[in-house]
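data21.txt follows; it contains compact mmCIF, C-alpha atoms.
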```txt
# COMPACT_ATOMS: atom_id res chain seq x y z
CA GLU A 1 226.96 148.14 72.85
CA GLU A 2 224.75 150.01 70.46
CA PRO A 3 221.10 149.77 71.49
CA ASP A 4 218.60 148.23 69.10
CA ILE A 5 216.81 151.46 68.15
CA LYS A 6 213.87 149.63 66.56
CA ASN A 7 213.14 147.63 69.75
CA ALA A 8 213.76 150.66 71.97
CA THR A 9 211.33 152.73 69.91
CA LEU A 10 208.72 149.97 69.96
CA GLY A 11 209.09 149.63 73.74
CA ALA A 12 208.74 153.40 74.20
CA ILE A 13 205.59 153.52 72.05
CA ASN A 14 204.01 150.60 73.93
CA GLY A 15 204.95 152.10 77.29
CA LEU A 16 203.44 155.45 76.31
CA LEU A 17 200.21 153.87 75.08
CA ILE A 18 199.77 151.71 78.17
CA SER A 19 200.44 154.65 80.50
CA ILE A 20 197.68 156.61 78.73
CA ASP A 21 195.20 153.77 78.19
CA PRO A 22 195.53 150.26 79.68
CA PHE A 23 193.31 148.92 76.87
CA ALA A 24 195.61 150.17 74.07
CA SER A 25 198.25 148.27 72.13
CA TYR A 26 200.51 149.22 69.26
CA MET A 27 200.56 147.36 65.95
CA ASN A 28 202.53 148.18 62.85
CA ALA A 29 200.72 148.37 59.50
CA GLU A 30 201.22 144.68 58.66
CA GLN A 31 200.14 143.51 62.13
CA TYR A 32 197.06 145.71 61.90
CA LYS A 33 196.09 144.20 58.52
CA GLN A 34 196.47 140.70 59.98
CA TYR A 35 194.43 141.71 63.04
CA LEU A 36 191.59 143.08 60.89
CA ALA A 37 191.59 139.93 58.73
CA ALA A 38 191.43 137.70 61.83
CA LYS A 39 188.66 139.79 63.44
CA ALA A 40 186.60 139.61 60.24
CA LEU A 41 186.37 135.82 60.67
CA LYS A 42 184.00 136.26 63.68
CA ARG A 43 185.44 133.32 65.58
CA ALA A 44 184.29 131.97 68.93
CA GLY A 45 185.75 133.34 72.15
CA VAL A 46 185.86 132.92 75.90
CA GLY A 47 184.25 136.21 76.99
CA LEU A 48 187.07 138.11 78.66
CA VAL A 49 187.64 141.87 78.81
CA LEU A 50 191.37 142.49 79.26
CA SER A 51 193.68 145.39 80.07
CA ARG A 52 197.29 145.97 81.06
CA LYS A 53 198.16 146.19 84.74
CA TYR A 54 201.42 147.77 85.90
CA GLY A 55 202.34 148.17 82.23
CA PHE A 56 203.11 144.54 81.48
CA GLU A 57 200.66 142.12 83.14
CA LEU A 58 197.58 140.92 81.27
CA ASN A 59 194.76 141.74 83.68
CA ILE A 60 191.15 140.54 83.59
CA VAL A 61 188.80 143.50 83.79
CA ASP A 62 185.65 141.41 83.57
CA ALA A 63 184.11 138.21 82.27
CA ILE A 64 181.00 138.62 80.13
CA PRO A 65 178.01 137.12 81.97
CA GLY A 66 177.20 133.61 80.76
CA SER A 67 180.51 133.23 78.89
CA PRO A 68 182.98 130.35 79.37
CA ALA A 69 185.22 132.71 81.39
CA ASP A 70 182.30 133.64 83.65
CA LYS A 71 181.40 129.97 84.18
CA ALA A 72 185.04 129.29 85.14
CA ALA A 73 184.74 132.07 87.78
CA LEU A 74 187.46 134.24 86.23
CA ALA A 75 187.10 137.63 87.85
CA THR A 76 188.27 141.21 87.94
CA GLY A 77 191.88 141.40 89.10
CA ASP A 78 192.91 137.92 88.00
CA ILE A 79 196.10 137.96 85.91
CA ILE A 80 196.66 135.78 82.85
CA GLU A 81 200.22 134.50 82.95
CA SER A 82 200.05 132.44 79.72
CA ILE A 83 197.69 131.47 76.92
CA ASN A 84 198.26 127.98 75.48
CA GLY A 85 201.76 128.05 76.96
CA ILE A 86 202.67 131.43 75.48
CA GLN A 87 203.77 133.92 78.15
CA THR A 88 201.66 137.08 78.14
CA ARG A 89 204.17 139.44 79.74
CA ASP A 90 204.50 142.42 77.37
CA MET A 91 202.09 140.74 74.89
CA PRO A 92 199.94 143.26 72.99
CA LEU A 93 196.28 143.07 74.01
CA ALA A 94 195.23 142.61 70.39
CA PHE A 95 197.43 139.51 70.10
CA ALA A 96 196.05 138.10 73.36
CA ASP A 97 192.50 138.57 72.02
CA LEU A 98 193.42 136.66 68.87
CA LEU A 99 194.92 133.80 70.91
CA LEU A 100 191.74 133.54 72.97
CA GLU A 101 189.60 133.27 69.85
CA GLY A 102 189.27 130.13 67.75
CA ASP A 103 186.88 127.66 66.24
CA LEU A 104 183.65 127.00 68.09
CA GLY A 105 184.07 124.13 70.59
CA THR A 106 187.88 124.17 70.66
CA THR A 107 189.72 124.72 73.93
CA VAL A 108 192.28 127.20 75.19
CA ASP A 109 194.48 126.73 78.28
CA LEU A 110 195.10 129.72 80.54
CA THR A 111 197.55 129.95 83.41
CA VAL A 112 195.97 132.39 85.84
CA LEU A 113 197.15 134.11 89.01
CA ARG A 114 194.12 134.73 91.19
CA LEU A 115 193.81 137.26 93.96
CA ARG A 116 192.26 134.69 96.26
CA LYS A 117 194.81 131.95 95.48
CA PRO A 118 198.53 132.83 95.15
CA ASP A 119 199.64 129.77 93.15
CA PRO A 120 199.16 129.74 89.36
CA THR A 121 196.09 127.80 88.24
CA THR A 122 195.65 126.22 84.82
CA ILE A 123 192.14 126.62 83.46
CA LYS A 124 190.83 125.02 80.26
CA LEU A 125 188.08 127.01 78.57
CA THR A 126 185.95 125.83 75.65
CA ARG A 127 185.39 128.56 73.09
CA ALA A 128 181.77 129.47 72.45
CA GLU A 129 179.71 132.15 70.79
CA VAL A 130 179.81 135.02 73.26
CA LEU A 131 177.08 137.59 73.04
CA PRO A 132 177.20 140.67 75.22
CA PRO A 133 174.17 141.23 77.43
CA PRO A 134 171.61 143.75 76.18
CA ILE A 135 171.60 147.30 77.47
CA ALA A 136 170.08 147.41 80.96
CA SER A 137 168.39 150.43 82.50
CA ARG A 138 166.70 151.15 85.81
CA MET A 139 165.91 153.94 88.23
CA VAL A 140 168.37 154.09 91.14
CA ASP A 141 166.25 156.56 93.10
CA GLU A 142 163.43 159.00 92.30
CA GLN A 143 165.64 161.24 90.12
CA THR A 144 168.58 159.09 88.99
CA GLY A 145 168.52 156.66 86.10
CA LEU A 146 171.24 154.09 85.39
CA VAL A 147 171.97 152.74 81.90
CA GLN A 148 174.47 149.86 81.68
CA VAL A 149 176.14 149.34 78.31
CA PHE A 150 178.19 146.17 77.86
CA ASP A 151 179.05 146.50 74.18
CA LEU A 152 180.14 149.38 71.95
CA GLU A 153 179.18 147.86 68.60
CA ALA A 154 177.53 149.94 65.91
CA GLY A 155 173.93 150.90 66.67
CA GLN A 156 174.33 151.03 70.44
CA ALA A 157 174.03 154.84 70.63
CA ALA A 158 170.41 154.69 69.43
CA LYS A 159 169.61 152.00 72.02
CA VAL A 160 171.19 154.09 74.79
CA ALA A 161 169.21 157.16 73.69
CA LEU A 162 165.99 155.11 73.81
CA ALA A 163 166.85 153.79 77.29
CA VAL A 164 167.54 157.34 78.54
CA LYS A 165 164.27 158.59 77.02
CA ASN A 166 162.35 155.78 78.76
CA LEU A 167 164.02 156.60 82.09
CA GLU A 168 163.12 160.29 81.66
CA LYS A 169 159.47 159.22 81.40
CA GLN A 170 159.94 157.57 84.82
CA GLY A 171 161.29 160.78 86.39
CA ASP A 172 165.01 160.56 85.56
CA ARG A 173 166.71 163.94 86.00
CA LYS A 174 170.30 162.70 86.47
CA SER A 175 171.46 159.89 84.19
CA VAL A 176 174.44 157.63 84.74
CA VAL A 177 175.51 155.75 81.61
```
If you took the structure in this file and wrote it as structure tokens, what would it be?
Amino acid sequence: EEPDIKNATLGAINGLLISIDPFASYMNAEQYKQYLAAKALKRAGVGLVLSRKYGFELNIVDAIPGSPADKAALATGDIIESINGIQTRDMPLAFADLLLEGDLGTTVDLTVLRLRKPDPTTIKLTRAEVLPPPIASRMVDEQTGLVQVFDLEAGQAAKVALAVKNLEKQGDRKSVV
């Protein structure tokens, strides 16, 4: 049989991207336009940071503190098997993000495989406005300052620079950002 070159090429591109960066996903021009239009709506979410694990599993990297996902005790290493009944295996991360977003107060059902419980668990999350925590900074020891950044939105670089400057006033000689 002749292989489907379009699907083979798409699979190769996705495999390459995931092997380089587990947070990457490929979209064609039309999918990208739809993604940008959906993201412009600023819909409610559940507060999950996702990546690819082993190239095909949708892995939870973290739950934003105070978010619906955090309140449901979703944690690093948990794997999302399906979102509202749609299997996530080989699903682009961008599409998963769009499925998790929706109108404020609506729900989304996740089937999750947890490290501490081998059987799949269905979890219903109610979408809410999820705001990332502010930049946090502190001195770890007499010479080392730590700046924690939870969000890479525009304007964060100036806030990080201010946090580093404040730590330098406290004796910071080695910064960890």
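Across the structure, atom CA of Ala128 of chain A and atom CA of Lys42 of chain A are spaced 11.3 Å apart.
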Problem - One-decimal distance in Å that lies between atom CA of Gln156 of chain A and atom CA of Leu98 of chain A - result: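 Atom CA of Gln156 of chain A lies 23.9 Å from atom CA of Leu98 of chain A.
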Practice task
Extract, using only C-alpha atoms, all DNA, RNA and protein residues at most 10 Å from Asp151 of chain A, discarding same-chain residues fewer than 3 positions from it, and format them as a PyMOL selection string.
Solution key: chain A and resi 131-135+148+154+156
Problem - Protein, DNA and RNA residues within 8 Å of (170.0, 155.3, 88.8), all atoms listed in the file, as a ChimeraX atom specification - result: /A:138-141,143-147,172,174-176
Could those selected residues go to a file with C-alpha atoms, as a compact mmCIF listing (two decimals), in the frame of the given file?
```
# COMPACT_ATOMS: atom_id res chain seq x y z
CA ARG A 138 166.70 151.15 85.81
CA MET A 139 165.91 153.94 88.23
CA VAL A 140 168.37 154.09 91.14
CA ASP A 141 166.25 156.56 93.10
CA GLN A 143 165.64 161.24 90.12
CA THR A 144 168.58 159.09 88.99
CA GLY A 145 168.52 156.66 86.10
CA LEU A 146 171.24 154.09 85.39
CA VAL A 147 171.97 152.74 81.90
CA ASP A 172 165.01 160.56 85.56
CA LYS A 174 170.30 162.70 86.47
CA SER A 175 171.46 159.89 84.19
CA VAL A 176 174.44 157.63 84.74
```
Handout entry: Spatial neighbours of segment 36-41 of chain A, max dist 12 Å, only C-alpha atoms, sep filter under 4 positions, as a PyMOL selection string
Key = chain A and resi 27+29-32+45+94-95+97-104
Exercise for the section: Determine the nearest neighbour of Asp21 of chain A from the options A:Arg43, A:Arg52, A:Lys159, A:Lys117, counting only C-alpha atoms. Expected result: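 Between A:Arg43, A:Arg52, A:Lys159, A:Lys117, the residue approaching Asp21 of chain A most closely is A:Arg52.
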Handout entry: Option closest in space to Pro118 of chain A, from A:Glu168, A:Asp90, A:Asp78, A:Glu153 [counting only C-alpha atoms]
Key = A:Asp78
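In terms of minimum interatomic distance to Glu142 of chain A, A:Leu167 ranks closest within A:Ile5, A:Ile83, A:Leu167, A:Val160, counting only C-alpha atoms.
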Handout entry: Two-atom distance - atom CA of Arg127 of chain A, atom CA of Leu110 of chain A (Å)
Key =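 Atom CA of Leu110 of chain A lies at a distance of 12.3 Å from atom CA of Arg127 of chain A.
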Handout entry: Spatial neighbours of Arg116 of chain A, 12 Å, only C-alpha atoms, chain gap at least 2 places, as a list of chain:residue names
Key =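 Using only C-alpha atoms, the neighbours found are A:Ala73, A:Leu74, A:Ala75, A:Thr76, A:Gly77, A:Asp78, A:Ile79, A:Val112, A:Leu113, A:Arg114, A:Pro118, A:Asp119, A:Pro120, A:Thr121.
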Practice task
List the neighbours of Ile64 of chain A out to 7 Å using only C-alpha atoms; skip same-chain residues closer than 6 positions along the sequence, and give me the result as an MDAnalysis selection string.
Solution key: chainID A and resid 47:48 70 132
Using the partial input, fill out segment 2-30 of chain A with N, CA and C atoms; write the result as a short mmCIF file (atom, residue, chain, number, x, y, z; two decimals), in the coordinates of the input.
```
data_model
loop_
_atom_site.label_atom_id
_atom_site.label_comp_id
_atom_site.auth_asym_id
_atom_site.auth_seq_id
_atom_site.Cartn_x
_atom_site.Cartn_y
_atom_site.Cartn_z
N GLU A 2 225.76 149.14 71.06
CA GLU A 2 224.75 150.01 70.46
C GLU A 2 223.37 149.44 70.76
N PRO A 3 222.46 150.26 71.23
CA PRO A 3 221.10 149.77 71.49
C PRO A 3 220.38 149.48 70.18
N ASP A 4 219.45 148.54 70.24
CA ASP A 4 218.60 148.23 69.10
C ASP A 4 217.52 149.31 69.05
N ILE A 5 217.71 150.30 68.20
CA ILE A 5 216.81 151.46 68.15
C ILE A 5 215.38 151.05 67.81
N LYS A 6 215.22 150.07 66.93
CA LYS A 6 213.87 149.63 66.56
C LYS A 6 213.13 149.08 67.78
N ASN A 7 213.77 148.20 68.56
CA ASN A 7 213.14 147.63 69.75
C ASN A 7 212.94 148.69 70.83
N ALA A 8 213.90 149.59 70.97
CA ALA A 8 213.76 150.66 71.97
C ALA A 8 212.59 151.56 71.63
N THR A 9 212.44 151.89 70.35
CA THR A 9 211.33 152.73 69.91
C THR A 9 210.00 152.03 70.12
N LEU A 10 209.94 150.75 69.77
CA LEU A 10 208.72 149.97 69.96
C LEU A 10 208.35 149.90 71.45
N GLY A 11 209.33 149.67 72.30
CA GLY A 11 209.09 149.63 73.74
C GLY A 11 208.59 150.97 74.27
N ALA A 12 209.16 152.06 73.76
CA ALA A 12 208.74 153.40 74.20
C ALA A 12 207.30 153.68 73.77
N ILE A 13 206.96 153.30 72.54
CA ILE A 13 205.59 153.52 72.05
C ILE A 13 204.60 152.72 72.88
N ASN A 14 204.91 151.44 73.12
CA ASN A 14 204.01 150.60 73.93
C ASN A 14 203.88 151.14 75.35
N GLY A 15 204.98 151.55 75.94
CA GLY A 15 204.95 152.10 77.29
C GLY A 15 204.10 153.36 77.36
N LEU A 16 204.23 154.23 76.36
CA LEU A 16 203.44 155.45 76.31
C LEU A 16 201.96 155.14 76.18
N LEU A 17 201.62 154.24 75.27
CA LEU A 17 200.21 153.87 75.08
C LEU A 17 199.60 153.29 76.35
N ILE A 18 200.30 152.38 76.99
CA ILE A 18 199.77 151.71 78.17
C ILE A 18 199.62 152.70 79.32
N SER A 19 200.55 153.67 79.42
CA SER A 19 200.44 154.65 80.50
C SER A 19 199.23 155.56 80.29
N ILE A 20 198.84 155.77 79.04
CA ILE A 20 197.68 156.61 78.73
C ILE A 20 196.39 155.81 78.82
N ASP A 21 196.41 154.58 78.28
CA ASP A 21 195.20 153.77 78.19
C ASP A 21 195.56 152.30 78.35
N PRO A 22 195.16 151.65 79.46
CA PRO A 22 195.53 150.26 79.68
C PRO A 22 194.87 149.28 78.70
N PHE A 23 193.95 149.77 77.86
CA PHE A 23 193.31 148.92 76.87
C PHE A 23 193.96 149.04 75.49
N ALA A 24 194.98 149.89 75.36
CA ALA A 24 195.61 150.17 74.07
C ALA A 24 196.76 149.20 73.80
N SER A 25 197.05 148.99 72.53
CA SER A 25 198.25 148.27 72.13
C SER A 25 198.67 148.75 70.75
N TYR A 26 199.96 148.74 70.52
CA TYR A 26 200.51 149.22 69.26
C TYR A 26 200.69 148.07 68.28
N MET A 27 200.31 148.31 67.02
CA MET A 27 200.56 147.36 65.95
C MET A 27 201.10 148.13 64.76
N ASN A 28 202.08 147.54 64.08
CA ASN A 28 202.53 148.18 62.85
C ASN A 28 201.50 147.91 61.75
N ALA A 29 201.72 148.46 60.57
CA ALA A 29 200.72 148.37 59.50
C ALA A 29 200.41 146.92 59.13
N GLU A 30 201.43 146.08 59.04
CA GLU A 30 201.22 144.68 58.66
C GLU A 30 200.47 143.93 59.76
#
```
